[in-house]
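Raw contents of entry_10.pdb, PDB, C-alpha atoms and all ligand atoms:
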```pdb
ATOM      1  CA  MET C 558     131.536 322.018  90.768  1.00  0.00           C
ATOM      2  CA  LEU C 559     131.937 325.823  90.744  1.00  0.00           C
ATOM      3  CA  LYS C 560     135.729 325.387  90.647  1.00  0.00           C
ATOM      4  CA  LYS C 561     135.349 323.099  87.609  1.00  0.00           C
ATOM      5  CA  ILE C 562     133.138 325.636  85.786  1.00  0.00           C
ATOM      6  CA  LEU C 563     135.628 328.407  86.584  1.00  0.00           C
ATOM      7  CA  ASN C 564     138.489 326.255  85.290  1.00  0.00           C
ATOM      8  CA  LEU C 565     136.801 325.234  82.052  1.00  0.00           C
ATOM      9  CA  GLY C 566     134.865 328.427  81.372  1.00  0.00           C
ATOM     10  CA  PHE C 567     131.107 328.650  80.725  1.00  0.00           C
ATOM     11  CA  LYS C 568     131.105 327.635  77.030  1.00  0.00           C
ATOM     12  CA  SER C 569     133.372 324.594  77.522  1.00  0.00           C
ATOM     13  CA  THR C 570     131.308 323.507  80.539  1.00  0.00           C
ATOM     14  CA  ILE C 571     128.149 323.410  78.394  1.00  0.00           C
ATOM     15  CA  LEU C 572     129.989 321.581  75.588  1.00  0.00           C
ATOM     16  CA  CYS C 573     131.495 319.192  78.141  1.00  0.00           C
ATOM     17  CA  VAL C 574     127.997 318.290  79.376  1.00  0.00           C
ATOM     18  CA  ARG C 575     126.982 317.641  75.755  1.00  0.00           C
ATOM     19  CA  ASP C 576     130.082 315.434  75.227  1.00  0.00           C
ATOM     20  CA  ARG C 577     129.392 313.512  78.457  1.00  0.00           C
ATOM     21  CA  ILE C 578     125.844 312.735  77.293  1.00  0.00           C
ATOM     22  CA  LYS C 579     127.114 311.469  73.903  1.00  0.00           C
ATOM     23  CA  HIS C 580     129.826 309.382  75.588  1.00  0.00           C
ATOM     24  CA  SER C 581     127.374 307.941  78.141  1.00  0.00           C
ATOM     25  CA  ILE C 582     125.149 306.679  75.327  1.00  0.00           C
ATOM     26  CA  LEU C 583     128.175 305.059  73.635  1.00  0.00           C
ATOM     27  CA  TYR C 584     129.382 303.666  76.965  1.00  0.00           C
ATOM     28  CA  HIS C 585     126.109 301.786  77.463  1.00  0.00           C
ATOM     29  CA  LYS C 586     126.406 300.326  73.969  1.00  0.00           C
ATOM     30  CA  TYR C 587     130.129 299.480  73.829  1.00  0.00           C
ATOM     31  CA  LYS C 588     131.142 299.066  77.506  1.00  0.00           C
ATOM     32  CA  PHE C 589     134.514 300.844  77.310  1.00  0.00           C
ATOM     33  CA  SER C 590     136.137 302.226  80.470  1.00  0.00           C
ATOM     34  CA  LYS C 591     133.951 304.757  82.325  1.00  0.00           C
ATOM     35  CA  TRP C 592     136.926 307.160  82.349  1.00  0.00           C
ATOM     36  CA  HIS C 593     136.192 308.087  78.719  1.00  0.00           C
ATOM     37  CA  ILE C 594     132.748 309.498  79.543  1.00  0.00           C
ATOM     38  CA  GLY C 595     134.336 312.671  80.917  1.00  0.00           C
ATOM     39  CA  ALA C 596     137.185 312.945  78.420  1.00  0.00           C
ATOM     40  CA  SER C 597     137.054 315.408  75.545  1.00  0.00           C
ATOM     41  CA  LEU C 598     138.745 318.674  74.583  1.00  0.00           C
ATOM     42  CA  ASN C 599     135.897 320.522  76.287  1.00  0.00           C
ATOM     43  CA  CYS C 600     136.183 318.557  79.540  1.00  0.00           C
ATOM     44  CA  LYS C 601     139.957 318.066  79.947  1.00  0.00           C
ATOM     45  CA  LEU C 602     142.157 321.146  79.734  1.00  0.00           C
ATOM     46  CA  TYR C 603     145.311 319.063  79.274  1.00  0.00           C
ATOM     47  CA  GLN C 604     143.886 317.581  76.068  1.00  0.00           C
ATOM     48  CA  LYS C 605     143.542 321.064  74.576  1.00  0.00           C
ATOM     49  CA  GLN C 606     147.090 321.848  75.658  1.00  0.00           C
ATOM     50  CA  VAL C 607     148.445 318.753  73.882  1.00  0.00           C
ATOM     51  CA  VAL C 608     146.503 319.592  70.711  1.00  0.00           C
ATOM     52  CA  ASN C 609     147.965 323.118  70.700  1.00  0.00           C
ATOM     53  CA  MET C 610     151.482 321.745  71.225  1.00  0.00           C
ATOM     54  CA  VAL C 611     151.154 319.316  68.308  1.00  0.00           C
ATOM     55  CA  ASN C 612     149.587 321.937  66.033  1.00  0.00           C
ATOM     56  CA  SER C 613     152.552 324.244  66.668  1.00  0.00           C
ATOM     57  CA  LEU C 614     155.155 321.688  65.502  1.00  0.00           C
ATOM     58  CA  ASP C 615     156.833 322.050  62.099  1.00  0.00           C
ATOM     59  CA  ASN C 616     157.780 319.267  59.698  1.00  0.00           C
ATOM     60  CA  ILE C 617     155.263 316.706  60.958  1.00  0.00           C
ATOM     61  CA  ASP C 618     152.557 315.375  58.678  1.00  0.00           C
ATOM     62  CA  CYS C 619     151.470 312.233  60.494  1.00  0.00           C
ATOM     63  CA  CYS C 620     150.405 311.782  64.110  1.00  0.00           C
ATOM     64  CA  ILE C 621     149.925 308.326  65.569  1.00  0.00           C
ATOM     65  CA  GLU C 622     148.293 308.368  68.985  1.00  0.00           C
ATOM     66  CA  LEU C 623     148.823 305.255  71.049  1.00  0.00           C
ATOM     67  CA  GLY C 624     146.228 304.966  73.830  1.00  0.00           C
ATOM     68  CA  CYS C 625     143.951 307.284  71.866  1.00  0.00           C
ATOM     69  CA  GLY C 626     140.734 306.635  73.802  1.00  0.00           C
ATOM     70  CA  LEU C 627     137.768 308.051  71.879  1.00  0.00           C
ATOM     71  CA  GLY C 628     140.119 310.113  69.694  1.00  0.00           C
ATOM     72  CA  HIS C 629     139.284 313.676  70.712  1.00  0.00           C
ATOM     73  CA  MET C 630     142.885 314.902  70.686  1.00  0.00           C
ATOM     74  CA  LEU C 631     143.457 313.517  67.185  1.00  0.00           C
ATOM     75  CA  ASN C 632     140.259 315.193  66.062  1.00  0.00           C
ATOM     76  CA  GLY C 633     141.651 318.572  67.159  1.00  0.00           C
ATOM     77  CA  ILE C 634     145.048 318.017  65.536  1.00  0.00           C
ATOM     78  CA  SER C 635     145.498 319.615  62.098  1.00  0.00           C
ATOM     79  CA  LEU C 636     147.643 317.123  60.198  1.00  0.00           C
ATOM     80  CA  PRO C 637     146.927 315.271  56.947  1.00  0.00           C
ATOM     81  CA  LYS C 638     147.370 311.775  58.439  1.00  0.00           C
ATOM     82  CA  LYS C 639     146.021 310.809  61.878  1.00  0.00           C
ATOM     83  CA  ILE C 640     145.904 307.287  63.295  1.00  0.00           C
ATOM     84  CA  GLY C 641     144.543 306.309  66.697  1.00  0.00           C
ATOM     85  CA  ILE C 642     145.516 302.993  68.280  1.00  0.00           C
ATOM     86  CA  ASP C 643     144.114 301.654  71.533  1.00  0.00           C
ATOM     87  CA  LEU C 644     144.553 298.410  73.447  1.00  0.00           C
ATOM     88  CA  ASN C 645     140.878 298.186  74.324  1.00  0.00           C
ATOM     89  CA  PRO C 646     138.709 296.960  71.414  1.00  0.00           C
ATOM     90  CA  ASN C 647     135.547 298.447  72.965  1.00  0.00           C
ATOM     91  CA  THR C 648     137.154 301.887  73.090  1.00  0.00           C
ATOM     92  CA  ILE C 649     138.003 301.588  69.382  1.00  0.00           C
ATOM     93  CA  LYS C 650     134.370 300.670  68.671  1.00  0.00           C
ATOM     94  CA  GLY C 651     133.279 303.765  70.626  1.00  0.00           C
ATOM     95  CA  ALA C 652     135.785 305.954  68.750  1.00  0.00           C
ATOM     96  CA  ASN C 653     134.538 304.710  65.383  1.00  0.00           C
ATOM     97  CA  ALA C 654     130.915 305.240  66.443  1.00  0.00           C
ATOM     98  CA  LEU C 655     131.678 308.822  67.530  1.00  0.00           C
ATOM     99  CA  GLY C 656     132.637 309.427  63.898  1.00  0.00           C
ATOM    100  CA  LEU C 657     135.340 312.062  64.381  1.00  0.00           C
ATOM    101  CA  SER C 658     136.681 313.403  61.115  1.00  0.00           C
ATOM    102  CA  ASN C 659     139.707 312.183  59.219  1.00  0.00           C
ATOM    103  CA  VAL C 660     141.043 309.728  61.818  1.00  0.00           C
ATOM    104  CA  THR C 661     141.718 306.015  61.302  1.00  0.00           C
ATOM    105  CA  PHE C 662     141.299 303.890  64.437  1.00  0.00           C
ATOM    106  CA  ILE C 663     143.052 300.573  64.999  1.00  0.00           C
ATOM    107  CA  HIS C 664     142.814 298.107  67.852  1.00  0.00           C
ATOM    108  CA  GLY C 665     146.234 297.140  69.277  1.00  0.00           C
ATOM    109  CA  SER C 666     149.388 298.606  70.744  1.00  0.00           C
ATOM    110  CA  PHE C 667     153.061 299.229  69.870  1.00  0.00           C
ATOM    111  CA  GLU C 668     153.144 296.247  67.472  1.00  0.00           C
ATOM    112  CA  LYS C 669     150.752 298.044  65.073  1.00  0.00           C
ATOM    113  CA  ILE C 670     152.813 301.224  64.660  1.00  0.00           C
ATOM    114  CA  ASN C 671     155.572 300.376  62.153  1.00  0.00           C
ATOM    115  CA  GLY C 672     153.007 298.832  59.789  1.00  0.00           C
ATOM    116  CA  VAL C 673     151.136 302.124  59.294  1.00  0.00           C
ATOM    117  CA  ILE C 674     154.149 304.392  58.654  1.00  0.00           C
ATOM    118  CA  ASP C 675     155.139 305.559  55.146  1.00  0.00           C
ATOM    119  CA  ASN C 676     157.963 307.955  55.988  1.00  0.00           C
ATOM    120  CA  LYS C 677     159.501 307.993  59.471  1.00  0.00           C
ATOM    121  CA  ASP C 678     160.881 311.531  59.165  1.00  0.00           C
ATOM    122  CA  ASN C 679     157.444 313.115  59.421  1.00  0.00           C
ATOM    123  CA  VAL C 680     155.877 310.971  62.120  1.00  0.00           C
ATOM    124  CA  LEU C 681     155.018 312.034  65.659  1.00  0.00           C
ATOM    125  CA  LEU C 682     153.943 309.404  68.175  1.00  0.00           C
ATOM    126  CA  LEU C 683     151.658 310.725  70.908  1.00  0.00           C
ATOM    127  CA  MET C 684     151.274 308.824  74.207  1.00  0.00           C
ATOM    128  CA  ILE C 685     149.312 310.681  76.870  1.00  0.00           C
ATOM    129  CA  ASN C 686     147.974 309.657  80.267  1.00  0.00           C
ATOM    130  CA  TRP C 687     148.698 305.947  80.315  1.00  0.00           C
ATOM    131  CA  THR C 688     152.460 305.237  80.141  1.00  0.00           C
ATOM    132  CA  HIS C 689     152.657 305.736  83.911  1.00  0.00           C
ATOM    133  CA  GLY C 690     151.612 302.064  83.989  1.00  0.00           C
ATOM    134  CA  LEU C 691     154.678 301.018  81.970  1.00  0.00           C
ATOM    135  CA  GLU C 692     158.132 300.510  83.481  1.00  0.00           C
ATOM    136  CA  THR C 693     160.571 303.156  82.109  1.00  0.00           C
ATOM    137  CA  ASP C 694     163.091 300.667  80.630  1.00  0.00           C
ATOM    138  CA  ILE C 695     160.300 298.871  78.787  1.00  0.00           C
ATOM    139  CA  LEU C 696     158.896 302.165  77.479  1.00  0.00           C
ATOM    140  CA  ILE C 697     162.358 303.164  76.182  1.00  0.00           C
ATOM    141  CA  GLU C 698     162.893 299.762  74.568  1.00  0.00           C
ATOM    142  CA  LYS C 699     159.475 299.930  72.859  1.00  0.00           C
ATOM    143  CA  ILE C 700     160.152 303.438  71.482  1.00  0.00           C
ATOM    144  CA  LYS C 701     163.550 302.358  70.104  1.00  0.00           C
ATOM    145  CA  GLU C 702     161.902 299.589  68.086  1.00  0.00           C
ATOM    146  CA  LEU C 703     159.731 302.114  66.243  1.00  0.00           C
ATOM    147  CA  ASN C 704     160.311 303.710  62.870  1.00  0.00           C
ATOM    148  CA  ILE C 705     159.417 307.246  63.970  1.00  0.00           C
ATOM    149  CA  SER C 706     161.216 310.554  64.474  1.00  0.00           C
ATOM    150  CA  TYR C 707     159.389 312.273  67.389  1.00  0.00           C
ATOM    151  CA  VAL C 708     157.507 311.225  70.524  1.00  0.00           C
ATOM    152  CA  LEU C 709     155.356 313.475  72.683  1.00  0.00           C
ATOM    153  CA  LEU C 710     154.553 311.802  75.991  1.00  0.00           C
ATOM    154  CA  ASP C 711     153.631 312.833  79.490  1.00  0.00           C
ATOM    155  CA  ARG C 712     155.616 312.080  82.613  1.00  0.00           C
ATOM    156  CA  ILE C 713     154.373 312.419  86.169  1.00  0.00           C
ATOM    157  CA  LYS C 714     156.065 315.194  88.162  1.00  0.00           C
ATOM    158  CA  ASP C 715     158.463 314.142  90.906  1.00  0.00           C
ATOM    159  CA  ASN C 716     156.415 315.690  93.732  1.00  0.00           C
ATOM    160  CA  ILE C 717     153.273 313.656  92.866  1.00  0.00           C
ATOM    161  CA  LYS C 718     153.145 310.566  95.078  1.00  0.00           C
ATOM    162  CA  ASP C 719     151.157 307.329  95.340  1.00  0.00           C
ATOM    163  CA  GLU C 720     148.692 307.334  92.476  1.00  0.00           C
ATOM    164  CA  TYR C 721     151.078 306.727  89.578  1.00  0.00           C
ATOM    165  CA  GLU C 722     153.509 303.828  89.431  1.00  0.00           C
ATOM    166  CA  PHE C 723     156.165 304.965  86.945  1.00  0.00           C
ATOM    167  CA  HIS C 724     157.097 308.642  86.580  1.00  0.00           C
ATOM    168  CA  HIS C 725     159.757 308.344  83.775  1.00  0.00           C
ATOM    169  CA  SER C 726     162.581 310.613  84.935  1.00  0.00           C
ATOM    170  CA  ILE C 727     163.907 313.264  82.568  1.00  0.00           C
ATOM    171  CA  ASP C 728     167.481 312.055  83.210  1.00  0.00           C
ATOM    172  CA  LYS C 729     166.611 308.528  82.169  1.00  0.00           C
ATOM    173  CA  LEU C 730     164.794 309.667  79.012  1.00  0.00           C
ATOM    174  CA  ASN C 731     167.709 311.953  78.200  1.00  0.00           C
ATOM    175  CA  GLU C 732     170.161 309.024  78.309  1.00  0.00           C
ATOM    176  CA  HIS C 733     168.402 307.553  75.269  1.00  0.00           C
ATOM    177  CA  PHE C 734     166.741 310.397  73.349  1.00  0.00           C
ATOM    178  CA  GLU C 735     167.237 314.069  72.586  1.00  0.00           C
ATOM    179  CA  ILE C 736     164.826 316.124  74.707  1.00  0.00           C
ATOM    180  CA  VAL C 737     163.442 318.866  72.490  1.00  0.00           C
ATOM    181  CA  ASP C 738     160.933 320.445  74.884  1.00  0.00           C
ATOM    182  CA  ILE C 739     159.409 320.055  78.356  1.00  0.00           C
ATOM    183  CA  VAL C 740     156.129 321.806  79.192  1.00  0.00           C
ATOM    184  CA  ASP C 741     154.232 321.748  82.503  1.00  0.00           C
ATOM    185  CA  SER C 742     150.670 320.512  82.150  1.00  0.00           C
ATOM    186  CA  VAL C 743     147.772 322.726  83.176  1.00  0.00           C
ATOM    187  CA  ASP C 744     146.672 319.973  85.593  1.00  0.00           C
ATOM    188  CA  LYS C 745     149.987 320.380  87.513  1.00  0.00           C
ATOM    189  CA  ILE C 746     150.335 316.585  87.753  1.00  0.00           C
ATOM    190  CA  ARG C 747     152.381 315.930  84.637  1.00  0.00           C
ATOM    191  CA  GLN C 748     154.854 317.384  82.173  1.00  0.00           C
ATOM    192  CA  PHE C 749     154.704 316.957  78.418  1.00  0.00           C
ATOM    193  CA  VAL C 750     158.055 315.886  77.000  1.00  0.00           C
ATOM    194  CA  LEU C 751     158.921 316.067  73.300  1.00  0.00           C
ATOM    195  CA  LEU C 752     161.626 313.577  72.320  1.00  0.00           C
ATOM    196  CA  LYS C 753     163.609 313.307  69.094  1.00  0.00           C
ATOM    197  CA  ILE C 754     164.407 309.678  68.353  1.00  0.00           C
TER     198      ILE C 754
HETATM  199  C1  LIG C 801     143.349 307.300  80.603  1.00  0.00           C
HETATM  200  S1  LIG C 801     143.034 306.905  78.939  1.00  0.00           S
HETATM  201  C2  LIG C 801     143.783 308.299  78.112  1.00  0.00           C
HETATM  202  C3  LIG C 801     143.232 308.503  76.737  1.00  0.00           C
HETATM  203  C4  LIG C 801     143.884 309.696  75.978  1.00  0.00           C
HETATM  204  N1  LIG C 801     145.264 309.443  75.705  1.00  0.00           N
HETATM  205  C5  LIG C 801     143.733 310.962  76.784  1.00  0.00           C
HETATM  206  O1  LIG C 801     144.693 311.404  77.417  1.00  0.00           O
HETATM  207  O2  LIG C 801     142.633 311.501  76.795  1.00  0.00           O
HETATM  208  C6  LIG C 801     144.241 305.648  78.608  1.00  0.00           C
HETATM  209  C7  LIG C 801     143.993 304.902  77.305  1.00  0.00           C
HETATM  210  O3  LIG C 801     145.182 304.193  76.979  1.00  0.00           O
HETATM  211  C8  LIG C 801     144.844 302.889  76.540  1.00  0.00           C
HETATM  212  N2  LIG C 801     146.018 302.030  76.773  1.00  0.00           N
HETATM  213  C9  LIG C 801     146.509 301.632  77.973  1.00  0.00           C
HETATM  214  N3  LIG C 801     147.611 300.887  77.805  1.00  0.00           N
HETATM  215  C10 LIG C 801     147.824 300.800  76.466  1.00  0.00           C
HETATM  216  C11 LIG C 801     148.790 300.162  75.648  1.00  0.00           C
HETATM  217  N4  LIG C 801     149.785 299.424  76.184  1.00  0.00           N
HETATM  218  N5  LIG C 801     148.711 300.292  74.315  1.00  0.00           N
HETATM  219  C12 LIG C 801     147.708 301.012  73.753  1.00  0.00           C
HETATM  220  N6  LIG C 801     146.749 301.644  74.457  1.00  0.00           N
HETATM  221  C13 LIG C 801     146.808 301.551  75.807  1.00  0.00           C
HETATM  222  C14 LIG C 801     143.603 302.524  77.346  1.00  0.00           C
HETATM  223  O4  LIG C 801     142.849 301.509  76.732  1.00  0.00           O
HETATM  224  C15 LIG C 801     142.873 303.871  77.394  1.00  0.00           C
HETATM  225  O5  LIG C 801     141.997 304.027  76.303  1.00  0.00           O
END
```
Can you present the structure in this file as structure tokens?
Amino acid sequence: MLKKILNLGFKSTILCVRDRIKHSILYHKYKFSKWHIGASLNCKLYQKQVVNMVNSLDNIDCCIELGCGLGHMLNGISLPKKIGIDLNPNTIKGANALGLSNVTFIHGSFEKINGVIDNKDNVLLLMINWTHGLETDILIEKIKELNISYVLLDRIKDNIKDEYEFHHSIDKLNEHFEIVDIVDSVDKIRQFVLLKI
């Protein structure tokens, strides 16, 4: 507990408790995965890190987050167009009920992406903390079908064993896409990889 407070800082710890209470109320109403109760920019340092990475990118005016959960990262991202897509319909109901500003939420997955894009050159696709359940070849195939120019995803570091099925090696990603940036996550479990498609 003390370690957590030291990691987050006092202010974020208080705000995290507030977020957890809000999410718990929504959880009882909408029955999304319990994981989302403790997930917000105040509770998860990696979420803040992703938001800062996206906000520092040039030439992007639309962010589509696949696997958006309750949408906290999109809420922190400063771009004119923000779309959150999630496979779980109850999570989308929770995200809509949370009422975060300027984000459109859609239930679905990869198949919904091309339909919401106006101009591929300015679109970043964000996929964080779930593609470790997707086989690397399938992930690559799915990305290639999309009408987008950048992807920011996380991969699990090579030294992390057991918990995560697919790590998505840098070499394999590099065979198919240009790797623009690789950043170690604050949680030391993953790396954020920016790909140009
Ligand atoms: C662990 S949560 C992470 C949420 C958010 N990306 C974050 O890092 O805070 C994973 C989310 O991805 C969603 N998800 C899992 N597989 C998906 C898929 N194939 N397409 C879209 N969403 C998916 C889940 O429903 C869940 O909301």
### Message
At a cut-off of 7 Å around the point (130.2, 306.3, 75.1) (file coordinates), what residues fall inside when counting only C-alpha atoms? I'd like the answer as a PyMOL selection string.
### Response
chain C and resi 579-585+587+594+651
Determine, for each residue of chain C having at least one atom at most 6 Å from an atom of ligand LIG 801 (chain C), the closest pair of atoms and their separation in Å to one decimal, counting all atoms listed in the file; order by chain and ascending number, as CSV.
```
residue,atom,partner,partner_atom,distance
C:Ala596,CA,C:LIG801,O2,5.9
C:Leu623,CA,C:LIG801,C12,5.2
C:Gly624,CA,C:LIG801,O3,3.4
C:Cys625,CA,C:LIG801,N1,4.6
C:Gly626,CA,C:LIG801,O5,3.8
C:Asp643,CA,C:LIG801,N6,3.9
C:Leu644,CA,C:LIG801,N6,4.0
C:Asn645,CA,C:LIG801,O4,4.6
C:Ser666,CA,C:LIG801,N5,4.0
C:Ile685,CA,C:LIG801,N1,4.4
C:Asn686,CA,C:LIG801,O1,4.7
C:Trp687,CA,C:LIG801,C6,4.8
```
Go ahead and save the residues from that selection, with C-alpha atoms, as a short mmCIF file (atom, residue, chain, number, x, y, z; two decimals), in the coordinates of the input.
```
data_model
loop_
_atom_site.label_atom_id
_atom_site.label_comp_id
_atom_site.auth_asym_id
_atom_site.auth_seq_id
_atom_site.Cartn_x
_atom_site.Cartn_y
_atom_site.Cartn_z
CA ALA C 596 137.18 312.94 78.42
CA LEU C 623 148.82 305.26 71.05
CA GLY C 624 146.23 304.97 73.83
CA CYS C 625 143.95 307.28 71.87
CA GLY C 626 140.73 306.64 73.80
CA ASP C 643 144.11 301.65 71.53
CA LEU C 644 144.55 298.41 73.45
CA ASN C 645 140.88 298.19 74.32
CA SER C 666 149.39 298.61 70.74
CA ILE C 685 149.31 310.68 76.87
CA ASN C 686 147.97 309.66 80.27
CA TRP C 687 148.70 305.95 80.32
#
```
### Query
On this structure, which residues satisfy the PyMOL selection byres (((chain C and resi 697-700) around 12) and not hetatm), written as number ranges by chain?
C: 623, 666-671, 681-684, 688, 691-696, 701-710, 725-726, 729-734, 752-754
### Task
Determine the nearest neighbour of C:Val740 from the options C:Val607, C:Gly672, C:Asn679, C:Tyr721, counting all atoms listed in the file.
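Result for the nearest residue to C:Val740: C:Val607.
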### Selection as a list in words: residues within 7 Å of (139.7, 304.9, 61.5), counting all atoms listed in the file
Ile640, Asn653, Val660, Thr661, Phe662 and Ile663 of chain C
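Atom CA of C:Val673 sits 24.6 Å away from atom CA of C:Val737.
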### Atom-to-atom span, atom CA of C:Cys619 and atom CA of C:Val680, Å
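If I compute the distance from atom CA of C:Cys619 to atom CA of C:Val680, I get 4.9 Å.
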### Query
What residues come out when you apply the PyMOL selection byres (((chain C and resi 630-632) around 10) and not hetatm) to this file, written as a ChimeraX atom specification?
/C:596-598,603-609,611,620-622,625-629,633-636,638-641,656-661,683,685
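Using all atoms listed in the file, the smallest distance between any of C:Ala654, C:Ile578, C:Leu602, C:Ile674 and C:Ser742 comes from C:Leu602.
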Can I get stretch 730-741 of chain C with N, CA and C atoms filled in, as a PDB file, in the coordinates of the input?
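So the final result, stored in selection_23.pdb, reads:
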```pdb
ATOM      1  N   LEU C 730     165.208 309.474  80.409  1.00  0.00           N
ATOM      2  CA  LEU C 730     164.794 309.667  79.012  1.00  0.00           C
ATOM      3  C   LEU C 730     165.927 310.296  78.209  1.00  0.00           C
ATOM      4  N   ASN C 731     166.626 311.222  78.862  1.00  0.00           N
ATOM      5  CA  ASN C 731     167.709 311.953  78.200  1.00  0.00           C
ATOM      6  C   ASN C 731     168.928 311.073  77.895  1.00  0.00           C
ATOM      7  N   GLU C 732     169.064 309.966  78.603  1.00  0.00           N
ATOM      8  CA  GLU C 732     170.161 309.024  78.309  1.00  0.00           C
ATOM      9  C   GLU C 732     169.961 308.363  76.945  1.00  0.00           C
ATOM     10  N   HIS C 733     168.703 308.314  76.491  1.00  0.00           N
ATOM     11  CA  HIS C 733     168.402 307.553  75.269  1.00  0.00           C
ATOM     12  C   HIS C 733     167.917 308.397  74.098  1.00  0.00           C
ATOM     13  N   PHE C 734     167.337 309.574  74.406  1.00  0.00           N
ATOM     14  CA  PHE C 734     166.741 310.397  73.349  1.00  0.00           C
ATOM     15  C   PHE C 734     167.128 311.852  73.548  1.00  0.00           C
ATOM     16  N   GLU C 735     167.045 312.615  72.454  1.00  0.00           N
ATOM     17  CA  GLU C 735     167.237 314.069  72.586  1.00  0.00           C
ATOM     18  C   GLU C 735     165.933 314.686  73.111  1.00  0.00           C
ATOM     19  N   ILE C 736     166.032 315.470  74.180  1.00  0.00           N
ATOM     20  CA  ILE C 736     164.826 316.124  74.707  1.00  0.00           C
ATOM     21  C   ILE C 736     164.685 317.486  74.036  1.00  0.00           C
ATOM     22  N   VAL C 737     163.632 317.645  73.269  1.00  0.00           N
ATOM     23  CA  VAL C 737     163.442 318.866  72.490  1.00  0.00           C
ATOM     24  C   VAL C 737     162.704 319.918  73.310  1.00  0.00           C
ATOM     25  N   ASP C 738     161.748 319.472  74.128  1.00  0.00           N
ATOM     26  CA  ASP C 738     160.933 320.445  74.884  1.00  0.00           C
ATOM     27  C   ASP C 738     160.308 319.754  76.104  1.00  0.00           C
ATOM     28  N   ILE C 739     160.133 320.539  77.164  1.00  0.00           N
ATOM     29  CA  ILE C 739     159.409 320.055  78.356  1.00  0.00           C
ATOM     30  C   ILE C 739     158.430 321.156  78.753  1.00  0.00           C
ATOM     31  N   VAL C 740     157.157 320.805  78.870  1.00  0.00           N
ATOM     32  CA  VAL C 740     156.129 321.806  79.192  1.00  0.00           C
ATOM     33  C   VAL C 740     155.291 321.292  80.364  1.00  0.00           C
ATOM     34  N   ASP C 741     155.096 322.138  81.380  1.00  0.00           N
ATOM     35  CA  ASP C 741     154.232 321.748  82.503  1.00  0.00           C
ATOM     36  C   ASP C 741     152.775 321.691  82.057  1.00  0.00           C
TER      37      ASP C 741
END
```
